[in-house]
Every structure is written in structure tokens, then in C-alpha cells.
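Student: File follows, run-v3.pdb with PDB, C-alpha atoms:
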```pdb
MODEL        1
ATOM      1  CA  MET H  26      81.191  99.139  58.639
ATOM      2  CA  ASP H  27      81.113 101.532  61.607
ATOM      3  CA  ASN H  28      77.693 102.761  60.521
ATOM      4  CA  LYS H  29      76.371  99.221  60.439
ATOM      5  CA  LYS H  30      77.724  98.616  63.912
ATOM      6  CA  LYS H  31      76.044 101.729  65.297
ATOM      7  CA  TYR H  32      72.778 100.695  63.688
ATOM      8  CA  TRP H  33      72.479  97.214  65.172
ATOM      9  CA  GLU H  34      74.275  97.535  68.490
ATOM     10  CA  PRO H  35      71.660  99.123  70.807
ATOM     11  CA  LYS H  36      68.761  97.050  69.550
ATOM     12  CA  LEU H  37      70.489  93.662  69.685
ATOM     13  CA  TRP H  38      72.214  94.227  73.009
ATOM     14  CA  ASP H  39      68.893  95.277  74.538
ATOM     15  CA  GLU H  40      67.255  92.169  73.119
ATOM     16  CA  LEU H  41      70.025  89.909  74.417
ATOM     17  CA  ARG H  42      69.744  91.319  77.943
ATOM     18  CA  SER H  43      66.017  90.606  77.912
ATOM     19  CA  ARG H  44      66.448  86.903  77.102
ATOM     20  CA  ASN H  45      66.711  83.969  79.497
ATOM     21  CA  PRO H  46      70.374  82.817  79.530
ATOM     22  CA  ILE H  47      69.401  79.220  80.268
ATOM     23  CA  LYS H  48      67.208  79.069  77.177
ATOM     24  CA  ILE H  49      69.927  80.680  75.061
ATOM     25  CA  CYS H  50      72.451  78.074  76.203
ATOM     26  CA  ALA H  51      70.072  75.220  75.422
ATOM     27  CA  LYS H  52      69.248  76.344  71.899
ATOM     28  CA  CYS H  53      72.696  77.650  70.903
ATOM     29  CA  LEU H  54      74.894  75.028  72.609
ATOM     30  CA  VAL H  55      76.875  77.658  74.512
ATOM     31  CA  GLU H  56      77.688  78.197  78.194
ATOM     32  CA  HIS H  57      76.712  80.951  80.612
ATOM     33  CA  ASP H  58      78.973  81.873  83.506
ATOM     34  CA  SER H  59      77.400  82.736  86.833
ATOM     35  CA  SER H  60      79.114  86.121  86.728
ATOM     36  CA  GLY H  61      76.991  87.064  83.721
ATOM     37  CA  PHE H  62      78.762  86.274  80.445
ATOM     38  CA  PHE H  63      78.316  83.722  77.647
ATOM     39  CA  LYS H  64      81.164  81.449  76.519
ATOM     40  CA  ILE H  65      81.142  80.425  72.864
ATOM     41  CA  LYS H  66      83.628  78.348  70.851
ATOM     42  CA  SER H  67      84.343  79.966  67.485
ATOM     43  CA  LEU H  68      87.206  79.251  65.085
ATOM     44  CA  GLU H  69      89.179  77.486  67.842
ATOM     45  CA  LYS H  70      88.872  80.473  70.171
ATOM     46  CA  GLU H  71      86.805  80.999  73.300
ATOM     47  CA  ILE H  72      84.607  84.047  72.868
ATOM     48  CA  ARG H  73      83.126  85.793  75.892
ATOM     49  CA  VAL H  74      80.014  87.918  75.471
ATOM     50  CA  TYR H  75      79.062  90.340  78.236
ATOM     51  CA  PRO H  76      75.498  91.600  77.639
ATOM     52  CA  LYS H  77      75.453  93.977  80.587
ATOM     53  CA  GLU H  78      78.723  95.648  79.614
ATOM     54  CA  GLU H  79      77.979  95.351  75.861
ATOM     55  CA  LYS H  80      81.370  93.902  75.041
ATOM     56  CA  ILE H  81      82.908  90.866  73.400
ATOM     57  CA  GLU H  82      86.303  89.484  74.410
ATOM     58  CA  SER H  83      88.641  86.810  73.074
ATOM     59  CA  GLU H  84      92.306  85.896  73.174
ATOM     60  CA  ASP H  85      92.114  86.904  69.495
ATOM     61  CA  SER H  86      91.521  90.602  70.064
ATOM     62  CA  ALA H  87      91.285  91.404  66.347
ATOM     63  CA  LEU H  88      88.505  88.863  65.898
ATOM     64  CA  ALA H  89      86.579  90.169  68.902
ATOM     65  CA  ALA H  90      86.885  93.754  67.628
ATOM     66  CA  ASP H  91      85.636  92.991  64.107
ATOM     67  CA  PRO H  92      82.144  94.517  63.648
ATOM     68  CA  ASP H  93      81.119  91.691  61.283
ATOM     69  CA  PHE H  94      82.106  89.104  63.867
ATOM     70  CA  GLN H  95      80.341  91.002  66.638
ATOM     71  CA  LEU H  96      77.128  91.106  64.614
ATOM     72  CA  LEU H  97      77.474  87.376  63.933
ATOM     73  CA  ILE H  98      77.989  86.416  67.575
ATOM     74  CA  ILE H  99      75.135  88.486  69.000
ATOM     75  CA  SER H 100      72.773  87.388  66.223
ATOM     76  CA  TYR H 101      73.655  83.749  66.840
ATOM     77  CA  LEU H 102      72.776  84.029  70.524
ATOM     78  CA  LEU H 103      69.477  85.689  69.653
ATOM     79  CA  PHE H 104      68.310  83.780  66.593
ATOM     80  CA  ALA H 105      69.912  80.331  66.477
ATOM     81  CA  GLN H 106      67.711  77.287  67.028
ATOM     82  CA  HIS H 107      68.682  73.875  68.363
ATOM     83  CA  ILE H 108      68.542  72.330  64.900
ATOM     84  CA  GLU H 109      71.276  69.920  63.862
ATOM     85  CA  PRO H 110      72.980  70.297  60.456
ATOM     86  CA  ILE H 111      71.210  68.483  57.639
ATOM     87  CA  GLY H 112      74.471  67.149  56.241
ATOM     88  CA  LYS H 113      74.347  68.752  52.796
ATOM     89  CA  TRP H 114      76.342  71.603  51.285
ATOM     90  CA  ILE H 115      74.777  74.425  49.300
ATOM     91  CA  SER H 116      76.008  77.792  48.065
ATOM     92  CA  GLU H 117      74.739  81.137  49.293
ATOM     93  CA  LYS H 118      72.730  81.452  46.064
ATOM     94  CA  ASP H 119      70.719  78.344  47.052
ATOM     95  CA  LEU H 120      69.441  79.940  50.259
ATOM     96  CA  LYS H 121      65.955  81.444  50.193
ATOM     97  CA  GLY H 122      66.386  84.865  48.650
ATOM     98  CA  GLY H 123      70.114  84.285  48.284
ATOM     99  CA  SER H 124      70.319  84.613  44.502
ATOM    100  CA  LEU H 125      69.008  88.168  44.788
ATOM    101  CA  PHE H 126      70.710  89.190  48.017
ATOM    102  CA  PHE H 127      74.276  88.003  47.402
ATOM    103  CA  ARG H 128      75.114  90.241  44.480
ATOM    104  CA  GLY H 129      76.494  93.726  43.988
ATOM    105  CA  PRO H 130      77.410  95.274  47.354
ATOM    106  CA  HIS H 131      76.405  92.041  49.123
ATOM    107  CA  ALA H 132      78.519  89.738  46.938
ATOM    108  CA  LEU H 133      80.672  87.443  49.047
ATOM    109  CA  PRO H 134      84.437  88.135  49.078
ATOM    110  CA  SER H 135      85.614  85.378  46.753
ATOM    111  CA  VAL H 136      87.918  87.722  44.818
ATOM    112  CA  SER H 137      89.977  88.548  47.929
ATOM    113  CA  LEU H 138      90.597  84.861  48.607
ATOM    114  CA  GLU H 139      91.324  84.101  44.944
ATOM    115  CA  LYS H 140      94.016  86.778  44.860
ATOM    116  CA  TYR H 141      95.530  85.763  48.173
ATOM    117  CA  PHE H 142      95.523  81.967  47.844
ATOM    118  CA  GLY H 143      95.098  81.291  44.105
ATOM    119  CA  ASN H 144      98.723  80.188  43.760
ATOM    120  CA  ASN H 145      99.305  79.070  47.326
ATOM    121  CA  PRO H 146      97.116  76.227  48.620
ATOM    122  CA  ASP H 147      99.615  75.395  51.384
ATOM    123  CA  LEU H 148      99.171  78.860  52.854
ATOM    124  CA  LEU H 149      95.402  78.369  52.843
ATOM    125  CA  ARG H 150      95.820  75.036  54.643
ATOM    126  CA  GLU H 151      98.114  76.630  57.209
ATOM    127  CA  LYS H 152      95.742  79.510  57.859
ATOM    128  CA  GLY H 153      92.821  77.106  57.979
ATOM    129  CA  ARG H 154      94.469  74.926  60.616
ATOM    130  CA  GLU H 155      94.945  77.980  62.814
ATOM    131  CA  LEU H 156      91.177  78.470  62.724
ATOM    132  CA  GLY H 157      90.338  74.810  63.354
ATOM    133  CA  ALA H 158      89.355  73.966  59.782
ATOM    134  CA  THR H 159      89.184  70.407  58.482
ATOM    135  CA  GLU H 160      89.849  69.496  54.868
ATOM    136  CA  LEU H 161      87.081  68.207  52.596
ATOM    137  CA  GLU H 162      87.181  66.850  49.032
ATOM    138  CA  PHE H 163      85.742  69.661  46.920
ATOM    139  CA  GLY H 164      87.725  71.584  44.309
ATOM    140  CA  ASP H 165      91.520  71.570  44.520
ATOM    141  CA  ILE H 166      91.306  72.335  48.210
ATOM    142  CA  SER H 167      88.334  72.843  50.499
ATOM    143  CA  LEU H 168      88.278  73.686  54.178
ATOM    144  CA  CYS H 169      85.386  73.476  56.628
ATOM    145  CA  PHE H 170      85.542  76.103  59.370
ATOM    146  CA  PRO H 171      83.824  75.572  62.765
ATOM    147  CA  VAL H 172      82.396  79.073  62.960
ATOM    148  CA  LEU H 173      79.868  78.420  65.729
ATOM    149  CA  PRO H 174      78.537  75.346  67.568
ATOM    150  CA  LEU H 175      75.737  74.812  65.038
ATOM    151  CA  ILE H 176      77.257  76.531  62.004
ATOM    152  CA  SER H 177      80.143  75.642  59.707
ATOM    153  CA  LEU H 178      81.408  77.401  56.584
ATOM    154  CA  THR H 179      83.245  75.614  53.782
ATOM    155  CA  ILE H 180      85.530  77.487  51.419
ATOM    156  CA  VAL H 181      86.367  75.757  48.138
ATOM    157  CA  LEU H 182      89.372  76.829  46.053
ATOM    158  CA  TRP H 183      90.157  75.910  42.471
ATOM    159  CA  LEU H 184      93.772  76.860  41.822
ATOM    160  CA  LYS H 185      94.933  79.129  39.037
ATOM    161  CA  ASP H 186      96.378  77.353  35.995
ATOM    162  CA  ASP H 187      97.392  78.192  32.408
ATOM    163  CA  GLU H 188      93.793  78.190  31.197
ATOM    164  CA  PHE H 189      91.683  79.438  34.104
ATOM    165  CA  PRO H 190      92.036  81.944  36.915
ATOM    166  CA  ALA H 191      91.675  80.875  40.530
ATOM    167  CA  ARG H 192      88.109  80.505  41.732
ATOM    168  CA  VAL H 193      86.602  80.412  45.230
ATOM    169  CA  THR H 194      83.114  79.395  46.251
ATOM    170  CA  PHE H 195      81.441  79.218  49.650
ATOM    171  CA  MET H 196      79.239  76.421  50.940
ATOM    172  CA  MET H 197      77.098  75.991  54.029
ATOM    173  CA  ASP H 198      74.570  73.573  55.469
ATOM    174  CA  PRO H 199      70.939  74.433  54.606
ATOM    175  CA  SER H 200      70.139  74.545  58.323
ATOM    176  CA  ILE H 201      71.894  77.908  58.489
ATOM    177  CA  GLU H 202      68.611  79.456  57.351
ATOM    178  CA  ALA H 203      67.107  78.550  60.733
ATOM    179  CA  HIS H 204      69.909  80.305  62.589
ATOM    180  CA  LEU H 205      70.863  83.498  60.754
ATOM    181  CA  PRO H 206      69.342  86.053  58.362
ATOM    182  CA  LEU H 207      71.100  86.661  55.055
ATOM    183  CA  ASP H 208      72.866  89.848  56.116
ATOM    184  CA  VAL H 209      74.415  88.047  59.095
ATOM    185  CA  ILE H 210      75.469  85.126  56.886
ATOM    186  CA  SER H 211      77.254  87.740  54.772
ATOM    187  CA  ALA H 212      78.904  89.145  57.908
ATOM    188  CA  MET H 213      80.036  85.630  58.851
ATOM    189  CA  VAL H 214      81.757  85.060  55.505
ATOM    190  CA  GLN H 215      83.345  88.503  55.595
ATOM    191  CA  SER H 216      84.676  87.864  59.091
ATOM    192  CA  VAL H 217      86.226  84.480  58.249
ATOM    193  CA  THR H 218      87.750  85.918  55.077
ATOM    194  CA  LYS H 219      89.342  88.778  56.989
ATOM    195  CA  LYS H 220      90.922  86.306  59.422
ATOM    196  CA  LEU H 221      92.324  84.219  56.571
ATOM    197  CA  ILE H 222      93.974  87.088  54.714
ATOM    198  CA  SER H 223      95.225  88.936  57.780
ATOM    199  CA  HIS H 224      98.929  88.739  58.527
TER     200      HIS H 224
ENDMDL
END
```
Would you mind giving the structure from this file in C-alpha cells?
Tutor:
Amino acid sequence: MDNKKKYWEPKLWDELRSRNPIKICAKCLVEHDSSGFFKIKSLEKEIRVYPKEEKIESEDSALAADPDFQLLIISYLLFAQHIEPIGKWISEKDLKGGSLFFRGPHALPSVSLEKYFGNNPDLLREKGRELGATELEFGDISLCFPVLPLISLTIVLWLKDDEFPARVTFMMDPSIEAHLPLDVISAMVQSVTKKLISH
């Protein structure tokens, strides 16, 4: 993960500093403070992004320090478009190129969530509430997480029973393709998963 962070950091920070903050706010639905930082609502937390200082701050220090989350936030400010959600839910495999990308080392972390919550839906609900999630009607339990102003992630859990193991799938609105490349979508899911299974 550290290697990935070192790879993207200089390029994306440089790009962010070169952009017009007013245009970024308009297309990403975020705020820009006159002292030079962006304010973004993510998972019920206010995130502050300081392009000049190349730092990200939040009351949730672990979230702000997560390299996957950092990549997600900077990429959102750079790439997101003012496009409203379509109102459908698809899996990562339904995204363009997703069936090839999200496999092997890029497979999404469903196993971690299955092990952690497969017998404990109440714990998933509790953790979800802490992150601002709302419950939907997929599977045995499904939670929709407000990851960014224009992006939500839904996690669907089928509980373990006598016949079948627990199973987790991820769903997102098709409009996510206009906002984030596949590797950043992967980083988003990894980041939310880490928050859910952290103590």
C-alpha cells in the first residue's frame, strides 16, 4: 500500500493544485475555504484537504491516514463530474472492464466482511450507522454508505446458515464510472471495508 501511495501522491497533488477550486466545488459538490482547503462530507465525517500542504485531515484520524481513502478523496476532487446518480444498482463486474479488473489481486474484500459479520448482522448495522449508512432491502441485510457527495456504496450480506456460508456483494450506481477509474473504485471499497472491521 505504501508503494501505491508514493506512486500517485506527487502527480495527483500537483494536478489538484493546478485546478480552479471554484470549478472543483461546482462539479464535486464540495466546499472550499478561503484559507485554501476543501471541505468534503464522507461517511458522516468532515474531511479537509489541503493541496498546498499535501495533507488530509478529519476527526477520524485513522480514516484520513488510510492510503486507499486518500487516493479516493484526491481522485474524486480531480475526476468527479456533476452527474446525478442514475438510480440503479449494479455490481463491480457490471462496470466497463470490471469483470476483468476485479479479480485476483484486485478482487473486492468480500471474504473479510463475510468472516466478520456472517453471523452478526446487528454488528454490521451498528457499524453502518456510525458511518451514516441507511438500510436497503437486498439480501438479509444491505447498507448504503454515503461515501462522497455523488457516490454511494451498498454492501449486501446474506447470512450464514446450515446450508450456505455467508456471502457479501457490493453494489454501486452506474454513474460511478463518470467519477472514478476502476482502481480508485477498488480503493473506495477497501477503505469502507477497513472502517467496518476496525475495532
Student: Residue by residue, what does the PyMOL selection byres ((chain H and resi 173) around 8) grab here? Present the result as a PyMOL selection string.
Tutor: chain H and resi 65-68+171-172+174-177
Student: Find the distance between atom CA of H:Pro206 and atom CA of H:Gly61 and write it in Å to one decimal.
Tutor: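 The value is 26.5 Å.
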Student: Compare H:Ala212, H:Ala203, H:Leu221, H:Leu54 by their minimum atom-to-atom distance to H:Pro110, counting all atoms listed in the file, and give me the closest one.
Tutor: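 Of all the options, H:Ala203 lies closest to H:Pro110.
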Student: From the options H:Ile180, H:Leu207, H:Ala90, H:Leu102, which residue's atoms come nearest to H:Glu162, counting only C-alpha atoms?
Tutor: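 That would be H:Ile180, the residue with the smallest distance to H:Glu162.
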Student: Can you translate the PyMOL selection byres ((chain H and resi 48) around 12) into the concrete residues it hits in this file, as JSON, numbers by chain?
Tutor: {"H": [41, 43, 44, 45, 46, 47, 49, 50, 51, 52, 53, 54, 55, 56, 57, 102, 103, 104, 105, 106, 107]}
Student: Write out as a PyMOL selection string each polymer residue whose atoms come within 12 Å of H:Trp183, counting all atoms listed in the file; drop sequence neighbours fewer than 3 positions from it.
Tutor: chain H and resi 135+138-140+142-146+149+162-167+180+186+189-195
Student: Could I see stretch 205-217 of chain H restored to N, CA and C atoms, set down as a CSV table (one decimal), in the coordinates of the input?
Tutor:
```
chain,number,residue,atom,x,y,z
H,205,LEU,N,70.4,82.1,61.1
H,205,LEU,CA,70.9,83.5,60.8
H,205,LEU,C,70.1,84.1,59.5
H,206,PRO,N,69.8,85.4,59.6
H,206,PRO,CA,69.3,86.1,58.4
H,206,PRO,C,70.5,86.2,57.3
H,207,LEU,N,70.1,86.6,56.1
H,207,LEU,CA,71.1,86.7,55.1
H,207,LEU,C,72.2,87.7,55.3
H,208,ASP,N,71.8,88.8,55.9
H,208,ASP,CA,72.9,89.8,56.1
H,208,ASP,C,73.9,89.4,57.1
H,209,VAL,N,73.5,88.6,58.1
H,209,VAL,CA,74.4,88.0,59.1
H,209,VAL,C,75.2,86.9,58.5
H,210,ILE,N,74.7,86.1,57.6
H,210,ILE,CA,75.5,85.1,56.9
H,210,ILE,C,76.6,85.8,56.1
H,211,SER,N,76.2,86.9,55.5
H,211,SER,CA,77.3,87.7,54.8
H,211,SER,C,78.3,88.2,55.7
H,212,ALA,N,77.9,88.7,56.9
H,212,ALA,CA,78.9,89.1,57.9
H,212,ALA,C,79.8,88.0,58.3
H,213,MET,N,79.3,86.8,58.5
H,213,MET,CA,80.0,85.6,58.9
H,213,MET,C,81.1,85.4,57.8
H,214,VAL,N,80.8,85.3,56.6
H,214,VAL,CA,81.8,85.1,55.5
H,214,VAL,C,82.8,86.2,55.5
H,215,GLN,N,82.4,87.4,55.6
H,215,GLN,CA,83.3,88.5,55.6
H,215,GLN,C,84.3,88.4,56.8
H,216,SER,N,83.8,88.0,57.9
H,216,SER,CA,84.7,87.9,59.1
H,216,SER,C,85.7,86.8,58.9
H,217,VAL,N,85.3,85.6,58.5
H,217,VAL,CA,86.2,84.5,58.2
H,217,VAL,C,87.3,84.9,57.2
```
